[in-house]
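So the structure is just underneath, and the comments pick up after that.
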Amino acid sequence: MGFLRTLLTWVFVLAFIAAAALVAGWVWINNEMTRPGPLQDEIVFMVTEGDTLTAVASRLEEQGIITDGRILLLKSRIDKEMQGTVPHVKVGEYVLDPGISMAGVLAILTEGRSILHRITLPEGRTTAQLLRIIEAHEALVGDMPEVLPEEGTLLPDTYLFHRGMTRQQLIDKVQKAQADVLAELWPQRAEGLLLETPYEAVILASIVEKETGIAEERDEIAALFTTRLKKGMRLQSDPTIIYGISQGEPLYNSKGQRRTLLRSEIDRHTEWNTYQIDGLPKTPICNPGREAIAAVLNPPDTEYLFFVADGKGGHLFARTLAEHNRNVAAYRAYERREIERERSN
């Protein structure tokens, strides 16, 4: 019995020492993890696709951000044993402040608190034009897709993303955004529209977007085209002519100056020229924004059938051809005054 009692005593002592050592080790690791690090100046640290925590810890130590990468790895192993989870660093571009602790670094990299980059895709641009913006952005990676998105399938907006996102991933995000908008707005459309599918709504919205001089006119232009469709009138939209000629790229004269449409181009039959075809064009002529899509799905009740530019970025609207002709005459007079003013200067 004496021997057994002595043995149990030593087992208890050893267990106590081991527990004390574990507690001391835990306290030491936590102290090391939370103490200020050696970083002197703010730094941008990159985590790229395929980086492991081991590789990242090594780079953090090499760049003088943490004192010992082994401590960080040991802490992650302890967390795995205690919590059953393994911290994974997320791809991104991270700003690390001077004196940041290893705990702070680990939290930022595993939570993915990276720098957000911004890309703006303007309304009314063709898919080819928007893809050029995406291709040129320096924070995106990867090649452009071999199969390009169809016209009108991208939602213009400002998008935030982390450095390292591929161009294909961003395009997928932009296409999904448009699909989500259509899924939201199409069921809320007004009754009596002649638009049979969401795709037709995008086609009409693309014309409204290209004709919009100022945002406040978007609803009126949508209503005007809707009324024309109901009356069986041709839409007679100049941007549809341009799309049929140049796929939406500006037209230039022999001197490299932007020019207006020629009579021969207005008379040319294409599948987009709404002076020559009834109803909607074959495809959208650009990528319309959410507001343009909403406008054609719920246009206001107006009687406008005609409109002409007012020379100041907006339009003059008319209910009758006689009123429209007066507006056209007023615009021509405005043009002449502007030409005379420029000559006098």
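Going through the structure tokens in order, the chains are called A, B, and so on, while each chain numbers its residues from 1 and the ligands are numbered from 1 in the order shown.
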Contacts of Leu130 (chain A) at 10 Å or less, counting only C-alpha atoms, minus same-chain residues fewer than 3 places along, as a JSON list (two decimals) with C-alpha atoms, in the first residue's frame?
```
[["chain", "number", "residue", "atom", "x", "y", "z"],
["A", 120, "THR", "CA", -16.72, 51.66, -62.49],
["A", 121, "LEU", "CA", -18.58, 50.35, -65.52],
["A", 122, "PRO", "CA", -20.62, 53.27, -66.92],
["A", 123, "GLU", "CA", -24.17, 52.94, -68.22],
["A", 124, "GLY", "CA", -24.74, 53.02, -71.94],
["A", 125, "ARG", "CA", -21.46, 51.38, -72.99],
["A", 126, "THR", "CA", -21.34, 48.37, -75.26],
["A", 127, "THR", "CA", -20.06, 45.07, -73.95],
["A", 133, "ILE", "CA", -12.22, 48.74, -68.95],
["A", 134, "ILE", "CA", -12.07, 45.36, -67.20],
["A", 135, "GLU", "CA", -9.04, 44.25, -69.20],
["A", 154, "LEU", "CA", -23.53, 43.22, -68.02],
["A", 155, "LEU", "CA", -24.95, 45.50, -65.33],
["A", 156, "PRO", "CA", -23.18, 48.88, -65.27],
["A", 171, "ILE", "CA", -17.36, 39.37, -65.41],
["A", 286, "CYS", "CA", -25.50, 48.68, -75.07],
["A", 287, "ASN", "CA", -25.62, 47.64, -71.42]]
```
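Ranking A:Thr227, A:Thr212, A:Thr240, A:Thr54 by their shortest atom-to-atom distance to His269 (chain A), with only C-alpha atoms included, puts A:Thr240 first.
The nearest approach to Leu53 (chain A) among the residues A:Thr110, A:Asn31, A:Asn253, A:Gln236, with only C-alpha atoms taken into account, belongs to A:Thr110.
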Inset, instruction - Run DSSP on the backbone of this structure and report the residues of region 63-271 of chain A it assigns to alpha helix (DSSP H), as a PyMOL selection string. - result: chain A and resi 69-83+102-111+127-136+167-185+198-211+218-231+238-246+263-266
Serialized selection, C-alpha atoms, as a short mmCIF file (atom, residue, chain, number, x, y, z; two decimals), in the first residue's frame:
```cif
data_model
loop_
_atom_site.label_atom_id
_atom_site.label_comp_id
_atom_site.auth_asym_id
_atom_site.auth_seq_id
_atom_site.Cartn_x
_atom_site.Cartn_y
_atom_site.Cartn_z
CA GLY A 69 6.96 32.59 -37.72
CA ARG A 70 7.24 29.35 -35.73
CA ILE A 71 5.24 30.89 -32.88
CA LEU A 72 2.45 31.84 -35.22
CA LEU A 73 2.37 28.30 -36.64
CA LEU A 74 2.44 26.80 -33.12
CA LYS A 75 -0.52 28.98 -32.12
CA SER A 76 -2.47 27.81 -35.17
CA ARG A 77 -1.77 24.16 -34.29
CA ILE A 78 -2.94 24.70 -30.71
CA ASP A 79 -6.11 26.37 -31.99
CA LYS A 80 -6.66 23.36 -34.25
CA GLU A 81 -6.32 20.96 -31.33
CA MET A 82 -8.54 22.98 -29.00
CA GLN A 83 -11.17 24.24 -31.46
CA MET A 102 1.15 38.38 -34.50
CA ALA A 103 -2.41 37.93 -33.24
CA GLY A 104 -3.43 41.03 -35.17
CA VAL A 105 -1.71 39.82 -38.34
CA LEU A 106 -3.30 36.37 -38.07
CA ALA A 107 -6.77 37.86 -37.54
CA ILE A 108 -6.48 40.19 -40.56
CA LEU A 109 -5.18 37.49 -42.91
CA THR A 110 -7.63 34.77 -41.89
CA GLU A 111 -10.68 37.07 -41.82
CA THR A 127 -20.06 45.07 -73.95
CA ALA A 128 -16.84 45.51 -75.96
CA GLN A 129 -16.29 48.92 -74.34
CA LEU A 130 -16.90 47.61 -70.82
CA LEU A 131 -14.60 44.65 -71.40
CA ARG A 132 -11.80 47.05 -72.35
CA ILE A 133 -12.22 48.74 -68.95
CA ILE A 134 -12.07 45.36 -67.20
CA GLU A 135 -9.04 44.25 -69.20
CA ALA A 136 -7.13 47.44 -68.35
CA ARG A 167 -11.19 39.07 -64.86
CA GLN A 168 -13.48 36.10 -65.49
CA GLN A 169 -14.67 36.19 -61.87
CA LEU A 170 -15.49 39.89 -62.14
CA ILE A 171 -17.36 39.37 -65.41
CA ASP A 172 -19.34 36.55 -63.77
CA LYS A 173 -20.14 38.90 -60.87
CA VAL A 174 -21.33 41.66 -63.22
CA GLN A 175 -23.48 39.26 -65.24
CA LYS A 176 -25.02 37.84 -62.07
CA ALA A 177 -25.80 41.38 -60.91
CA GLN A 178 -27.80 41.98 -64.08
CA ALA A 179 -29.59 38.64 -63.76
CA ASP A 180 -30.49 39.53 -60.16
CA VAL A 181 -31.87 42.92 -61.20
CA LEU A 182 -34.04 41.34 -63.89
CA ALA A 183 -35.25 38.67 -61.46
CA GLU A 184 -36.26 41.44 -59.06
CA LEU A 185 -37.82 43.94 -61.49
CA PRO A 198 -36.81 40.16 -69.75
CA TYR A 199 -34.48 40.15 -72.77
CA GLU A 200 -36.85 42.43 -74.66
CA ALA A 201 -36.89 44.72 -71.64
CA VAL A 202 -33.09 44.92 -71.81
CA ILE A 203 -33.26 45.72 -75.54
CA LEU A 204 -35.65 48.62 -75.00
CA ALA A 205 -33.77 49.79 -71.90
CA SER A 206 -30.55 49.88 -73.92
CA ILE A 207 -32.16 52.31 -76.39
CA VAL A 208 -33.50 54.45 -73.55
CA GLU A 209 -30.02 54.47 -71.98
CA LYS A 210 -28.36 55.66 -75.20
CA GLU A 211 -31.00 58.35 -75.75
CA ARG A 218 -35.15 58.56 -68.48
CA ASP A 219 -38.77 57.85 -67.49
CA GLU A 220 -40.19 60.18 -70.16
CA ILE A 221 -38.09 58.60 -72.90
CA ALA A 222 -39.10 55.11 -71.74
CA ALA A 223 -42.75 56.18 -71.81
CA LEU A 224 -42.38 57.70 -75.28
CA PHE A 225 -40.92 54.53 -76.79
CA THR A 226 -43.51 52.40 -74.99
CA THR A 227 -46.29 54.52 -76.48
CA ARG A 228 -44.76 54.25 -79.94
CA LEU A 229 -44.64 50.46 -79.67
CA LYS A 230 -48.29 50.33 -78.59
CA LYS A 231 -49.32 52.49 -81.54
CA ASP A 238 -30.43 57.28 -83.98
CA PRO A 239 -28.25 55.13 -81.67
CA THR A 240 -29.79 52.00 -83.20
CA ILE A 241 -28.53 53.13 -86.62
CA ILE A 242 -25.03 53.66 -85.22
CA TYR A 243 -25.01 50.22 -83.62
CA GLY A 244 -25.93 48.60 -86.92
CA ILE A 245 -23.03 50.41 -88.61
CA SER A 246 -20.21 50.28 -86.06
CA ARG A 263 -28.67 60.24 -95.00
CA SER A 264 -27.46 57.05 -96.64
CA GLU A 265 -26.87 55.52 -93.20
CA ILE A 266 -30.34 56.44 -91.99
#
```
Inset, instruction - Using CA of Glu151 (chain A) and CA of Ala295 (chain A) as the two end points, give the distance in Å to one decimal. - result: 19.5 Å
Inset, instruction - Give me the residues within 10 Å of region 331-337 of chain A as a PyMOL selection string, counting only C-alpha atoms and dropping any in the same chain fewer than 6 places off. - result: chain A and resi 308-312+315-316+325+343
Legend entry - Pairwise distance for CA of Glu303 (chain A) and CA of Gly289 (chain A), rounded to one decimal in Å: 24.6 Å
Inset, instruction - Please provide the set of residues having any atom within 10 Å of Thr48 (chain A), restricted to only C-alpha atoms, with same-chain residues fewer than 4 positions apart removed, written as a list in words. - result: Thr52, Val56, Val89, Lys90, Val91, Gly92, Glu93, Arg163 and Gly164 of chain A
